[in-house]
>>> print(open('my_file14.pdb').read())   # PDB, C-alpha atoms, pLDDT in the B column
ATOM      1  CA  MET F  20      11.445  -8.265   1.269  1.00 39.00           C
ATOM      2  CA  LYS F  21       9.715  -9.734   4.318  1.00 51.00           C
ATOM      3  CA  PHE F  22       6.961  -7.893   6.126  1.00 61.00           C
ATOM      4  CA  ASP F  23       5.762  -8.503   9.648  1.00 92.00           C
ATOM      5  CA  ASN F  24       2.155  -9.650   9.476  1.00 97.00           C
ATOM      6  CA  ILE F  25      -0.647  -9.504  11.996  1.00 98.00           C
ATOM      7  CA  LEU F  26      -2.508 -12.799  11.715  1.00 98.00           C
ATOM      8  CA  VAL F  27      -6.183 -12.623  12.692  1.00 98.00           C
ATOM      9  CA  SER F  28      -9.002 -15.143  12.563  1.00 98.00           C
ATOM     10  CA  GLY F  29     -12.577 -14.759  13.689  1.00 98.00           C
ATOM     11  CA  CYS F  30     -16.174 -14.679  12.524  1.00 97.00           C
ATOM     12  CA  SER F  31     -18.272 -12.327  10.390  1.00 97.00           C
ATOM     13  CA  TRP F  32     -17.407  -9.377  12.592  1.00 98.00           C
ATOM     14  CA  GLY F  33     -14.035  -9.170  10.830  1.00 98.00           C
ATOM     15  CA  ASP F  34     -14.868 -10.753   7.464  1.00 98.00           C
ATOM     16  CA  LEU F  35     -13.661  -8.613   4.562  1.00 97.00           C
ATOM     17  CA  ASP F  36     -16.475  -9.984   2.395  1.00 97.00           C
ATOM     18  CA  PHE F  37     -19.260  -9.504   4.929  1.00 97.00           C
ATOM     19  CA  PHE F  38     -22.707  -8.680   3.585  1.00 96.00           C
ATOM     20  CA  SER F  39     -25.886  -8.033   5.542  1.00 97.00           C
ATOM     21  CA  GLN F  40     -28.567 -10.682   5.139  1.00 95.00           C
ATOM     22  CA  PHE F  41     -31.095  -8.225   6.551  1.00 96.00           C
ATOM     23  CA  HIS F  42     -30.054  -5.380   4.249  1.00 97.00           C
ATOM     24  CA  PRO F  43     -28.856  -7.081   1.029  1.00 96.00           C
ATOM     25  CA  ASP F  44     -28.587  -3.796  -0.868  1.00 97.00           C
ATOM     26  CA  MET F  45     -26.331  -2.211   1.757  1.00 97.00           C
ATOM     27  CA  ASP F  46     -22.701  -1.546   0.827  1.00 98.00           C
ATOM     28  CA  CYS F  47     -20.754  -3.166   3.684  1.00 97.00           C
ATOM     29  CA  SER F  48     -17.302  -2.721   2.172  1.00 97.00           C
ATOM     30  CA  TRP F  49     -16.151  -0.456   4.986  1.00 98.00           C
ATOM     31  CA  PRO F  50     -12.742  -1.299   6.549  1.00 98.00           C
ATOM     32  CA  LYS F  51     -12.879  -4.212   8.984  1.00 98.00           C
ATOM     33  CA  TRP F  52     -11.243  -4.157  12.392  1.00 98.00           C
ATOM     34  CA  PRO F  53      -8.309  -6.526  11.616  1.00 98.00           C
ATOM     35  CA  ASN F  54      -7.206  -4.252   8.785  1.00 98.00           C
ATOM     36  CA  ILE F  55      -7.746  -1.084  10.796  1.00 98.00           C
ATOM     37  CA  LEU F  56      -5.738  -2.565  13.646  1.00 98.00           C
ATOM     38  CA  ALA F  57      -2.944  -3.646  11.289  1.00 98.00           C
ATOM     39  CA  GLU F  58      -2.600  -0.067  10.087  1.00 97.00           C
ATOM     40  CA  LYS F  59      -2.425   1.184  13.680  1.00 97.00           C
ATOM     41  CA  MET F  60       0.304  -1.369  14.454  1.00 97.00           C
ATOM     42  CA  ASN F  61       2.183  -0.745  11.186  1.00 96.00           C
ATOM     43  CA  LEU F  62       1.816  -4.408  10.232  1.00 97.00           C
ATOM     44  CA  GLU F  63       0.531  -6.182   7.129  1.00 97.00           C
ATOM     45  CA  PRO F  64      -2.921  -7.754   7.715  1.00 98.00           C
ATOM     46  CA  VAL F  65      -3.556 -11.458   7.197  1.00 98.00           C
ATOM     47  CA  ASN F  66      -7.312 -11.521   7.766  1.00 98.00           C
ATOM     48  CA  LEU F  67      -8.737 -15.060   7.950  1.00 98.00           C
ATOM     49  CA  CYS F  68     -12.091 -14.039   9.470  1.00 98.00           C
ATOM     50  CA  LYS F  69     -15.012 -15.910   7.938  1.00 97.00           C
ATOM     51  CA  SER F  70     -18.746 -15.321   8.278  1.00 96.00           C
ATOM     52  CA  GLY F  71     -20.447 -18.043  10.313  1.00 95.00           C
ATOM     53  CA  ALA F  72     -17.151 -19.342  11.650  1.00 97.00           C
ATOM     54  CA  GLY F  73     -17.023 -21.289  14.878  1.00 97.00           C
ATOM     55  CA  ASN F  74     -14.121 -21.681  17.242  1.00 98.00           C
ATOM     56  CA  GLU F  75     -12.725 -24.810  15.600  1.00 98.00           C
ATOM     57  CA  TYR F  76     -12.280 -22.922  12.332  1.00 98.00           C
ATOM     58  CA  ILE F  77     -10.698 -19.960  14.114  1.00 98.00           C
ATOM     59  CA  TYR F  78      -8.135 -22.157  15.862  1.00 98.00           C
ATOM     60  CA  SER F  79      -7.515 -24.367  12.823  1.00 98.00           C
ATOM     61  CA  SER F  80      -7.039 -21.503  10.369  1.00 98.00           C
ATOM     62  CA  ILE F  81      -4.426 -19.912  12.622  1.00 98.00           C
ATOM     63  CA  SER F  82      -2.682 -23.210  13.325  1.00 98.00           C
ATOM     64  CA  ASP F  83      -2.571 -24.156   9.635  1.00 98.00           C
ATOM     65  CA  TYR F  84      -1.192 -20.753   8.656  1.00 98.00           C
ATOM     66  CA  LEU F  85       1.550 -21.035  11.266  1.00 98.00           C
ATOM     67  CA  GLN F  86       2.618 -24.393   9.841  1.00 97.00           C
ATOM     68  CA  GLU F  87       2.912 -22.948   6.351  1.00 96.00           C
ATOM     69  CA  THR F  88       4.543 -19.575   7.081  1.00 96.00           C
ATOM     70  CA  PRO F  89       7.990 -18.686   8.449  1.00 95.00           C
ATOM     71  CA  HIS F  90       7.462 -17.300  11.919  1.00 96.00           C
ATOM     72  CA  ASP F  91       9.818 -14.398  11.315  1.00 94.00           C
ATOM     73  CA  GLU F  92       7.168 -13.019   8.952  1.00 95.00           C
ATOM     74  CA  ILE F  93       4.569 -12.837  11.732  1.00 97.00           C
ATOM     75  CA  GLY F  94       4.521  -9.911  14.120  1.00 97.00           C
ATOM     76  CA  TYR F  95       1.326 -10.640  16.077  1.00 98.00           C
ATOM     77  CA  VAL F  96      -1.517 -13.170  16.288  1.00 98.00           C
ATOM     78  CA  ILE F  97      -5.122 -12.598  17.400  1.00 98.00           C
ATOM     79  CA  ALA F  98      -7.959 -15.091  17.810  1.00 98.00           C
ATOM     80  CA  ALA F  99     -11.367 -13.401  18.061  1.00 98.00           C
ATOM     81  CA  TRP F 100     -13.603 -16.176  19.417  1.00 98.00           C
ATOM     82  CA  SER F 101     -17.099 -16.913  18.214  1.00 98.00           C
ATOM     83  CA  THR F 102     -20.163 -18.547  19.769  1.00 97.00           C
ATOM     84  CA  ALA F 103     -19.837 -22.088  21.159  1.00 97.00           C
ATOM     85  CA  PRO F 104     -22.713 -24.004  19.441  1.00 96.00           C
ATOM     86  CA  ARG F 105     -21.349 -23.532  15.917  1.00 96.00           C
ATOM     87  CA  ARG F 106     -20.019 -26.630  14.169  1.00 96.00           C
ATOM     88  CA  CYS F 107     -17.104 -26.388  11.736  1.00 95.00           C
ATOM     89  CA  TYR F 108     -15.934 -29.027   9.280  1.00 95.00           C
ATOM     90  CA  LYS F 109     -14.404 -29.392   5.833  1.00 95.00           C
ATOM     91  CA  ILE F 110     -15.989 -30.647   2.616  1.00 95.00           C
ATOM     92  CA  ARG F 111     -13.734 -30.975  -0.457  1.00 92.00           C
ATOM     93  CA  ASP F 112     -11.083 -28.913   1.327  1.00 91.00           C
ATOM     94  CA  ARG F 113     -13.523 -26.044   1.975  1.00 93.00           C
ATOM     95  CA  TRP F 114     -14.606 -24.961   5.436  1.00 95.00           C
ATOM     96  CA  VAL F 115     -18.333 -25.199   6.150  1.00 94.00           C
ATOM     97  CA  ASN F 116     -19.990 -23.880   9.285  1.00 92.00           C
ATOM     98  CA  ASP F 117     -23.331 -24.874  10.792  1.00 93.00           C
ATOM     99  CA  ARG F 118     -25.077 -22.387  13.016  1.00 90.00           C
ATOM    100  CA  GLN F 119     -25.679 -25.105  15.603  1.00 90.00           C
ATOM    101  CA  ASP F 120     -24.074 -28.478  16.187  1.00 93.00           C
ATOM    102  CA  LEU F 121     -26.610 -31.314  16.130  1.00 92.00           C
ATOM    103  CA  ARG F 122     -24.647 -33.291  18.715  1.00 95.00           C
ATOM    104  CA  GLY F 123     -24.213 -32.477  22.380  1.00 94.00           C
ATOM    105  CA  ASP F 124     -25.704 -29.721  24.492  1.00 92.00           C
ATOM    106  CA  LEU F 125     -24.782 -26.192  25.497  1.00 93.00           C
ATOM    107  CA  PRO F 126     -22.499 -27.081  28.468  1.00 94.00           C
ATOM    108  CA  TYR F 127     -20.624 -29.521  26.230  1.00 96.00           C
ATOM    109  CA  TRP F 128     -20.204 -26.879  23.489  1.00 96.00           C
ATOM    110  CA  ILE F 129     -18.854 -24.459  26.093  1.00 97.00           C
ATOM    111  CA  GLU F 130     -16.396 -27.084  27.354  1.00 98.00           C
ATOM    112  CA  ARG F 131     -15.297 -27.809  23.785  1.00 98.00           C
ATOM    113  CA  SER F 132     -14.675 -24.112  23.177  1.00 98.00           C
ATOM    114  CA  ILE F 133     -12.628 -23.812  26.359  1.00 98.00           C
ATOM    115  CA  ARG F 134     -10.413 -26.714  25.285  1.00 98.00           C
ATOM    116  CA  THR F 135      -9.979 -25.128  21.842  1.00 98.00           C
ATOM    117  CA  LYS F 136      -8.945 -21.837  23.395  1.00 98.00           C
ATOM    118  CA  TYR F 137      -6.511 -23.596  25.705  1.00 98.00           C
ATOM    119  CA  ALA F 138      -5.002 -25.380  22.699  1.00 98.00           C
ATOM    120  CA  PHE F 139      -4.569 -21.978  21.029  1.00 98.00           C
ATOM    121  CA  GLN F 140      -2.811 -20.626  24.113  1.00 98.00           C
ATOM    122  CA  ASN F 141      -0.454 -23.620  24.181  1.00 98.00           C
ATOM    123  CA  LEU F 142       0.231 -23.280  20.454  1.00 98.00           C
ATOM    124  CA  MET F 143       1.139 -19.626  20.830  1.00 98.00           C
ATOM    125  CA  GLU F 144       3.316 -20.248  23.885  1.00 98.00           C
ATOM    126  CA  GLN F 145       5.152 -22.887  21.872  1.00 98.00           C
ATOM    127  CA  THR F 146       5.749 -20.577  18.904  1.00 97.00           C
ATOM    128  CA  LYS F 147       6.770 -17.716  21.243  1.00 97.00           C
ATOM    129  CA  LEU F 148       4.963 -15.258  18.985  1.00 97.00           C
ATOM    130  CA  PRO F 149       3.197 -12.292  20.598  1.00 97.00           C
ATOM    131  CA  TYR F 150      -0.526 -12.971  20.748  1.00 98.00           C
ATOM    132  CA  MET F 151      -3.883 -12.096  22.187  1.00 98.00           C
ATOM    133  CA  HIS F 152      -7.294 -13.733  22.219  1.00 98.00           C
ATOM    134  CA  LEU F 153     -10.672 -12.355  23.169  1.00 98.00           C
ATOM    135  CA  GLN F 154     -14.367 -13.203  23.112  1.00 98.00           C
ATOM    136  CA  MET F 155     -15.816 -11.232  20.233  1.00 98.00           C
ATOM    137  CA  ILE F 156     -19.438 -12.443  20.488  1.00 97.00           C
ATOM    138  CA  SER F 157     -21.095 -14.236  23.387  1.00 95.00           C
ATOM    139  CA  LEU F 158     -20.374 -17.930  23.789  1.00 95.00           C
ATOM    140  CA  TYR F 159     -24.014 -18.737  24.475  1.00 94.00           C
ATOM    141  CA  ARG F 160     -26.500 -15.846  24.461  1.00 91.00           C
ATOM    142  CA  GLY F 161     -27.487 -16.183  20.814  1.00 87.00           C
ATOM    143  CA  HIS F 162     -28.376 -19.833  21.391  1.00 86.00           C
ATOM    144  CA  LEU F 163     -30.543 -18.981  24.387  1.00 86.00           C
ATOM    145  CA  TRP F 164     -32.283 -16.201  22.484  1.00 78.00           C
ATOM    146  CA  ASP F 165     -33.135 -18.716  19.759  1.00 75.00           C
ATOM    147  CA  LEU F 166     -34.699 -20.906  22.426  1.00 74.00           C
ATOM    148  CA  LEU F 167     -36.893 -18.037  23.574  1.00 69.00           C
ATOM    149  CA  LYS F 168     -38.483 -18.000  20.117  1.00 68.00           C
ATOM    150  CA  LYS F 169     -39.781 -21.518  20.756  1.00 62.00           C
ATOM    151  CA  PRO F 170     -42.390 -22.765  23.257  1.00 58.00           C
ATOM    152  CA  THR F 171     -40.142 -23.179  26.287  1.00 54.00           C
ATOM    153  CA  VAL F 172     -40.747 -22.520  29.960  1.00 56.00           C
ATOM    154  CA  PRO F 173     -38.754 -19.716  31.634  1.00 60.00           C
ATOM    155  CA  TYR F 174     -37.296 -22.223  34.090  1.00 64.00           C
ATOM    156  CA  GLU F 175     -35.591 -24.144  31.290  1.00 74.00           C
ATOM    157  CA  TYR F 176     -33.986 -20.961  29.957  1.00 76.00           C
ATOM    158  CA  LYS F 177     -32.794 -19.930  33.409  1.00 80.00           C
ATOM    159  CA  LYS F 178     -31.459 -23.399  34.164  1.00 84.00           C
ATOM    160  CA  MET F 179     -29.488 -23.542  30.923  1.00 87.00           C
ATOM    161  CA  LYS F 180     -27.866 -20.190  31.627  1.00 89.00           C
ATOM    162  CA  GLU F 181     -26.960 -21.296  35.153  1.00 92.00           C
ATOM    163  CA  ASN F 182     -25.325 -24.424  33.718  1.00 93.00           C
ATOM    164  CA  VAL F 183     -23.253 -22.355  31.296  1.00 93.00           C
ATOM    165  CA  LEU F 184     -22.024 -20.027  34.020  1.00 95.00           C
ATOM    166  CA  LYS F 185     -21.201 -23.044  36.172  1.00 96.00           C
ATOM    167  CA  VAL F 186     -18.992 -24.494  33.438  1.00 97.00           C
ATOM    168  CA  LEU F 187     -17.174 -21.192  32.968  1.00 97.00           C
ATOM    169  CA  ARG F 188     -16.805 -20.679  36.704  1.00 97.00           C
ATOM    170  CA  ASN F 189     -15.539 -24.177  37.531  1.00 97.00           C
ATOM    171  CA  THR F 190     -13.328 -25.019  34.564  1.00 98.00           C
ATOM    172  CA  LYS F 191      -9.885 -26.343  35.478  1.00 98.00           C
ATOM    173  CA  TYR F 192      -8.289 -24.762  32.418  1.00 98.00           C
ATOM    174  CA  LYS F 193      -6.248 -21.666  33.268  1.00 98.00           C
ATOM    175  CA  PHE F 194      -5.681 -18.769  30.926  1.00 98.00           C
ATOM    176  CA  LYS F 195      -2.970 -16.149  30.923  1.00 98.00           C
ATOM    177  CA  ASP F 196      -3.629 -12.419  30.713  1.00 97.00           C
ATOM    178  CA  THR F 197      -3.305 -12.741  26.949  1.00 98.00           C
ATOM    179  CA  TYR F 198      -6.970 -13.793  27.036  1.00 98.00           C
ATOM    180  CA  VAL F 199      -8.046 -10.237  27.640  1.00 97.00           C
ATOM    181  CA  ASN F 200     -11.716 -10.692  28.583  1.00 97.00           C
ATOM    182  CA  TRP F 201     -11.781 -14.137  30.207  1.00 98.00           C
ATOM    183  CA  PRO F 202     -14.080 -15.611  31.588  1.00 97.00           C
ATOM    184  CA  THR F 203     -16.074 -14.114  28.706  1.00 96.00           C
ATOM    185  CA  ASP F 204     -19.204 -13.207  30.653  1.00 93.00           C
ATOM    186  CA  GLU F 205     -20.078  -9.987  32.428  1.00 91.00           C
ATOM    187  CA  GLU F 206     -21.780 -11.857  35.292  1.00 91.00           C
ATOM    188  CA  LEU F 207     -18.479 -13.564  36.125  1.00 96.00           C
ATOM    189  CA  GLY F 208     -16.267 -10.502  35.888  1.00 95.00           C
ATOM    190  CA  GLY F 209     -15.332 -11.085  32.249  1.00 96.00           C
ATOM    191  CA  SER F 210     -16.708  -9.454  29.119  1.00 96.00           C
ATOM    192  CA  THR F 211     -17.427  -9.703  25.422  1.00 97.00           C
ATOM    193  CA  VAL F 212     -16.786  -7.128  22.752  1.00 97.00           C
ATOM    194  CA  GLU F 213     -20.389  -7.609  21.653  1.00 96.00           C
ATOM    195  CA  PHE F 214     -21.901  -6.418  24.943  1.00 94.00           C
ATOM    196  CA  SER F 215     -19.155  -4.556  26.815  1.00 96.00           C
ATOM    197  CA  VAL F 216     -17.550  -2.507  24.051  1.00 97.00           C
ATOM    198  CA  LEU F 217     -20.142  -1.754  21.369  1.00 97.00           C
ATOM    199  CA  LYS F 218     -23.194   0.456  21.817  1.00 97.00           C
ATOM    200  CA  GLU F 219     -26.264   0.845  19.630  1.00 97.00           C
ATOM    201  CA  GLU F 220     -24.535   3.473  17.518  1.00 98.00           C
ATOM    202  CA  HIS F 221     -21.941   0.850  16.553  1.00 98.00           C
ATOM    203  CA  LYS F 222     -24.466  -1.669  15.132  1.00 98.00           C
ATOM    204  CA  ILE F 223     -25.841  -1.797  11.597  1.00 98.00           C
ATOM    205  CA  SER F 224     -29.505  -1.740  12.687  1.00 98.00           C
ATOM    206  CA  ASP F 225     -32.051  -3.187  15.088  1.00 95.00           C
ATOM    207  CA  LEU F 226     -32.289  -6.205  12.802  1.00 95.00           C
ATOM    208  CA  ASP F 227     -28.606  -6.634  11.973  1.00 97.00           C
ATOM    209  CA  ARG F 228     -26.432  -6.516  15.077  1.00 95.00           C
ATOM    210  CA  HIS F 229     -23.131  -6.710  13.242  1.00 98.00           C
ATOM    211  CA  PRO F 230     -20.791  -3.743  13.671  1.00 98.00           C
ATOM    212  CA  ASN F 231     -21.110  -0.891  11.200  1.00 98.00           C
ATOM    213  CA  ALA F 232     -18.167   1.223  10.026  1.00 98.00           C
ATOM    214  CA  LYS F 233     -18.098   3.079  13.321  1.00 98.00           C
ATOM    215  CA  GLY F 234     -18.291  -0.215  15.207  1.00 98.00           C
ATOM    216  CA  GLN F 235     -15.349  -1.649  13.280  1.00 98.00           C
ATOM    217  CA  MET F 236     -13.278   1.352  14.264  1.00 98.00           C
ATOM    218  CA  LYS F 237     -14.374   0.973  17.891  1.00 98.00           C
ATOM    219  CA  ILE F 238     -13.317  -2.689  17.966  1.00 98.00           C
ATOM    220  CA  ALA F 239      -9.899  -1.839  16.527  1.00 98.00           C
ATOM    221  CA  GLU F 240      -9.425   0.928  19.077  1.00 98.00           C
ATOM    222  CA  TYR F 241     -10.430  -1.368  21.940  1.00 98.00           C
ATOM    223  CA  ILE F 242      -8.006  -4.110  20.925  1.00 98.00           C
ATOM    224  CA  TYR F 243      -5.223  -1.579  20.324  1.00 98.00           C
ATOM    225  CA  GLU F 244      -5.719  -0.302  23.876  1.00 97.00           C
ATOM    226  CA  GLN F 245      -5.332  -3.866  25.207  1.00 96.00           C
ATOM    227  CA  LEU F 246      -1.860  -4.064  23.712  1.00 92.00           C
ATOM    228  CA  GLY F 247      -0.744  -1.838  26.576  1.00 74.00           C
TER     229      GLY F 247
END
>>> encode(input="my_file14.pdb", output="structure tokens")
Amino acid sequence: MKFDNILVSGCSWGDLDFFSQFHPDMDCSWPKWPNILAEKMNLEPVNLCKSGAGNEYIYSSISDYLQETPHDEIGYVIAAWSTAPRRCYKIRDRWVNDRQDLRGDLPYWIERSIRTKYAFQNLMEQTKLPYMHLQMISLYRGHLWDLLKKPTVPYEYKKMKENVLKVLRNTKYKFKDTYVNWPTDEELGGSTVEFSVLKEEHKISDLDRHPNAKGQMKIAEYIYEQLG
């Protein structure tokens, strides 16, 4: 018997095997948002979310699955995008993710992410499967916060943020309404789940900003509402 699946890929925010590096003794086996959402939609979850994943992995894992699976088994597809500086690659057929690419700069990483997202949109339009994509965590804020930990002048930080917003504002790539929170930044009229949907009560702790059990439920509810 065939079941309609909901195919989801993303980062640690949906990873079934997530564990907290800040609280290693914490039991984090609570239900994750892709599985909660699947239950709400009466679909079987195919959860490809992976801790540390960047946008290349998210796109590639969905694309590869679609090549290997009859499309009549898939009821919905969701890409939950990660931060732009992450670098994804394979070693011995296993995905590896670096927190920050050693090549390029922040505007380039943003541009690369935009092209990846546009490729996802084109792939989904070609398959004619129902789909959605959204910015789960900020494309750039984590990178800028890391910079603030180093000896850097405030002007450099401000200039880098202005350059990021300029790339997002002026990109020639056009996205359909299926990208529910484009252009992914609150200052440009977009949003992220990380900053627009979740509150402090939805985070594990001050140290670990991943969603807790309540946060996972909140994410699933938010995405379910976007289905209209």
>>> residues_around(input="my_file14.pdb", residues="range 57-70 of chain F", least_positions_apart="5", cutoff="7 Å", atoms="all atoms listed in the file", output="list in words")
Phe22, Asp23, Asn24, Ile25, Leu26, Val27, Ser28, Gly29, Cys30, Ser31, Gly33, Asp34 and Phe37 of chain F
>>> residues_around(input="my_file14.pdb", residues="Ala72 in chain F", least_positions_apart="5", cutoff="12 Å", atoms="all atoms listed in the file", output="PDB file with C-alpha atoms, in the coordinates of the input")
ATOM      1  CA  SER F  28      -9.002 -15.143  12.563  1.00 98.00           C
ATOM      2  CA  GLY F  29     -12.577 -14.759  13.689  1.00 98.00           C
ATOM      3  CA  CYS F  30     -16.174 -14.679  12.524  1.00 97.00           C
ATOM      4  CA  SER F  31     -18.272 -12.327  10.390  1.00 97.00           C
ATOM      5  CA  TRP F  32     -17.407  -9.377  12.592  1.00 98.00           C
ATOM      6  CA  GLY F  33     -14.035  -9.170  10.830  1.00 98.00           C
ATOM      7  CA  ASP F  34     -14.868 -10.753   7.464  1.00 98.00           C
ATOM      8  CA  LEU F  67      -8.737 -15.060   7.950  1.00 98.00           C
ATOM      9  CA  ILE F  77     -10.698 -19.960  14.114  1.00 98.00           C
ATOM     10  CA  TYR F  78      -8.135 -22.157  15.862  1.00 98.00           C
ATOM     11  CA  SER F  79      -7.515 -24.367  12.823  1.00 98.00           C
ATOM     12  CA  SER F  80      -7.039 -21.503  10.369  1.00 98.00           C
ATOM     13  CA  ALA F  98      -7.959 -15.091  17.810  1.00 98.00           C
ATOM     14  CA  ALA F  99     -11.367 -13.401  18.061  1.00 98.00           C
ATOM     15  CA  TRP F 100     -13.603 -16.176  19.417  1.00 98.00           C
ATOM     16  CA  SER F 101     -17.099 -16.913  18.214  1.00 98.00           C
ATOM     17  CA  THR F 102     -20.163 -18.547  19.769  1.00 97.00           C
ATOM     18  CA  ALA F 103     -19.837 -22.088  21.159  1.00 97.00           C
ATOM     19  CA  PRO F 104     -22.713 -24.004  19.441  1.00 96.00           C
ATOM     20  CA  ARG F 105     -21.349 -23.532  15.917  1.00 96.00           C
ATOM     21  CA  ARG F 106     -20.019 -26.630  14.169  1.00 96.00           C
ATOM     22  CA  CYS F 107     -17.104 -26.388  11.736  1.00 95.00           C
ATOM     23  CA  TYR F 108     -15.934 -29.027   9.280  1.00 95.00           C
ATOM     24  CA  LYS F 109     -14.404 -29.392   5.833  1.00 95.00           C
ATOM     25  CA  TRP F 114     -14.606 -24.961   5.436  1.00 95.00           C
ATOM     26  CA  VAL F 115     -18.333 -25.199   6.150  1.00 94.00           C
ATOM     27  CA  ASN F 116     -19.990 -23.880   9.285  1.00 92.00           C
ATOM     28  CA  ASP F 117     -23.331 -24.874  10.792  1.00 93.00           C
ATOM     29  CA  ARG F 118     -25.077 -22.387  13.016  1.00 90.00           C
ATOM     30  CA  GLN F 119     -25.679 -25.105  15.603  1.00 90.00           C
ATOM     31  CA  MET F 155     -15.816 -11.232  20.233  1.00 98.00           C
ATOM     32  CA  ILE F 156     -19.438 -12.443  20.488  1.00 97.00           C
TER      33      ILE F 156
END
>>> closest_residue(input="my_file14.pdb", among="F:Met143, F:Ile110, F:Val96, F:Met45", to="Lys195 in chain F", atoms="only C-alpha atoms")
F:Met143
>>> atom_distance(input="my_file14.pdb", atom1="CA of Leu142 in chain F", atom2="CA of Tyr159 in chain F")
25.0 Å
>>> resolve_selection(input="my_file14.pdb", expression="the PyMOL selection byres ((chain F and resi 199) around 8)", output="list in words")
Met151, His152, Leu153, Asp196, Thr197, Tyr198, Asn200, Trp201 and Gln245 of chain F
>>> resolve_selection(input="my_file14.pdb", expression="the PyMOL selection byres ((chain F and resi 237) around 10)", output="short mmCIF file (atom, residue, chain, number, x, y, z; two decimals) with C-alpha atoms, keeping the file's coordinate frame")
data_model
loop_
_atom_site.label_atom_id
_atom_site.label_comp_id
_atom_site.auth_asym_id
_atom_site.auth_seq_id
_atom_site.Cartn_x
_atom_site.Cartn_y
_atom_site.Cartn_z
CA TRP F 52 -11.24 -4.16 12.39
CA ILE F 55 -7.75 -1.08 10.80
CA VAL F 212 -16.79 -7.13 22.75
CA VAL F 216 -17.55 -2.51 24.05
CA LEU F 217 -20.14 -1.75 21.37
CA LYS F 218 -23.19 0.46 21.82
CA HIS F 221 -21.94 0.85 16.55
CA PRO F 230 -20.79 -3.74 13.67
CA ASN F 231 -21.11 -0.89 11.20
CA ALA F 232 -18.17 1.22 10.03
CA LYS F 233 -18.10 3.08 13.32
CA GLY F 234 -18.29 -0.22 15.21
CA GLN F 235 -15.35 -1.65 13.28
CA MET F 236 -13.28 1.35 14.26
CA ILE F 238 -13.32 -2.69 17.97
CA ALA F 239 -9.90 -1.84 16.53
CA GLU F 240 -9.43 0.93 19.08
CA TYR F 241 -10.43 -1.37 21.94
CA ILE F 242 -8.01 -4.11 20.92
CA TYR F 243 -5.22 -1.58 20.32
#
>>> closest_residue(input="my_file14.pdb", among="F:Ser132, F:Glu181, F:Trp164, F:Ser224", to="Thr203 in chain F", atoms="only C-alpha atoms")
F:Ser132
>>> atom_distance(input="my_file14.pdb", atom1="CA of Gln86 in chain F", atom2="CA of Leu148 in chain F")
13.1 Å
>>> atom_distance(input="my_file14.pdb", atom1="CA of Pro126 in chain F", atom2="CA of Leu184 in chain F")
9.0 Å
>>> build_atoms(input="my_file14.pdb", residues="range 203-212 of chain F", atoms="N, CA, C and O atoms", output="compact mmCIF listing (two decimals), in the frame of the given file")
# COMPACT_ATOMS: atom_id res chain seq x y z
N THR F 203 -15.20 -14.35 29.87
CA THR F 203 -16.07 -14.11 28.71
C THR F 203 -17.52 -13.78 29.05
O THR F 203 -18.36 -13.73 28.16
N ASP F 204 -17.82 -13.55 30.30
CA ASP F 204 -19.20 -13.21 30.65
C ASP F 204 -19.20 -12.14 31.73
O ASP F 204 -18.48 -12.23 32.74
N GLU F 205 -20.04 -11.13 31.51
CA GLU F 205 -20.08 -9.99 32.43
C GLU F 205 -20.50 -10.39 33.84
O GLU F 205 -20.06 -9.79 34.82
N GLU F 206 -21.32 -11.42 33.97
CA GLU F 206 -21.78 -11.86 35.29
C GLU F 206 -20.68 -12.53 36.11
O GLU F 206 -20.80 -12.68 37.32
N LEU F 207 -19.59 -12.90 35.44
CA LEU F 207 -18.48 -13.56 36.12
C LEU F 207 -17.24 -12.68 36.20
O LEU F 207 -16.17 -13.13 36.57
N GLY F 208 -17.39 -11.42 35.84
CA GLY F 208 -16.27 -10.50 35.89
C GLY F 208 -15.48 -10.44 34.59
O GLY F 208 -14.46 -9.77 34.52
N GLY F 209 -15.95 -11.16 33.56
CA GLY F 209 -15.33 -11.08 32.25
C GLY F 209 -16.13 -10.16 31.35
O GLY F 209 -16.88 -9.29 31.83
N SER F 210 -15.98 -10.33 30.04
CA SER F 210 -16.71 -9.45 29.12
C SER F 210 -16.70 -10.05 27.72
O SER F 210 -16.01 -11.04 27.45
N THR F 211 -17.48 -9.44 26.85
CA THR F 211 -17.43 -9.70 25.42
C THR F 211 -17.39 -8.36 24.71
O THR F 211 -17.90 -7.36 25.21
N VAL F 212 -16.77 -8.35 23.55
CA VAL F 212 -16.79 -7.13 22.75
C VAL F 212 -18.22 -6.78 22.38
O VAL F 212 -18.62 -5.62 22.40
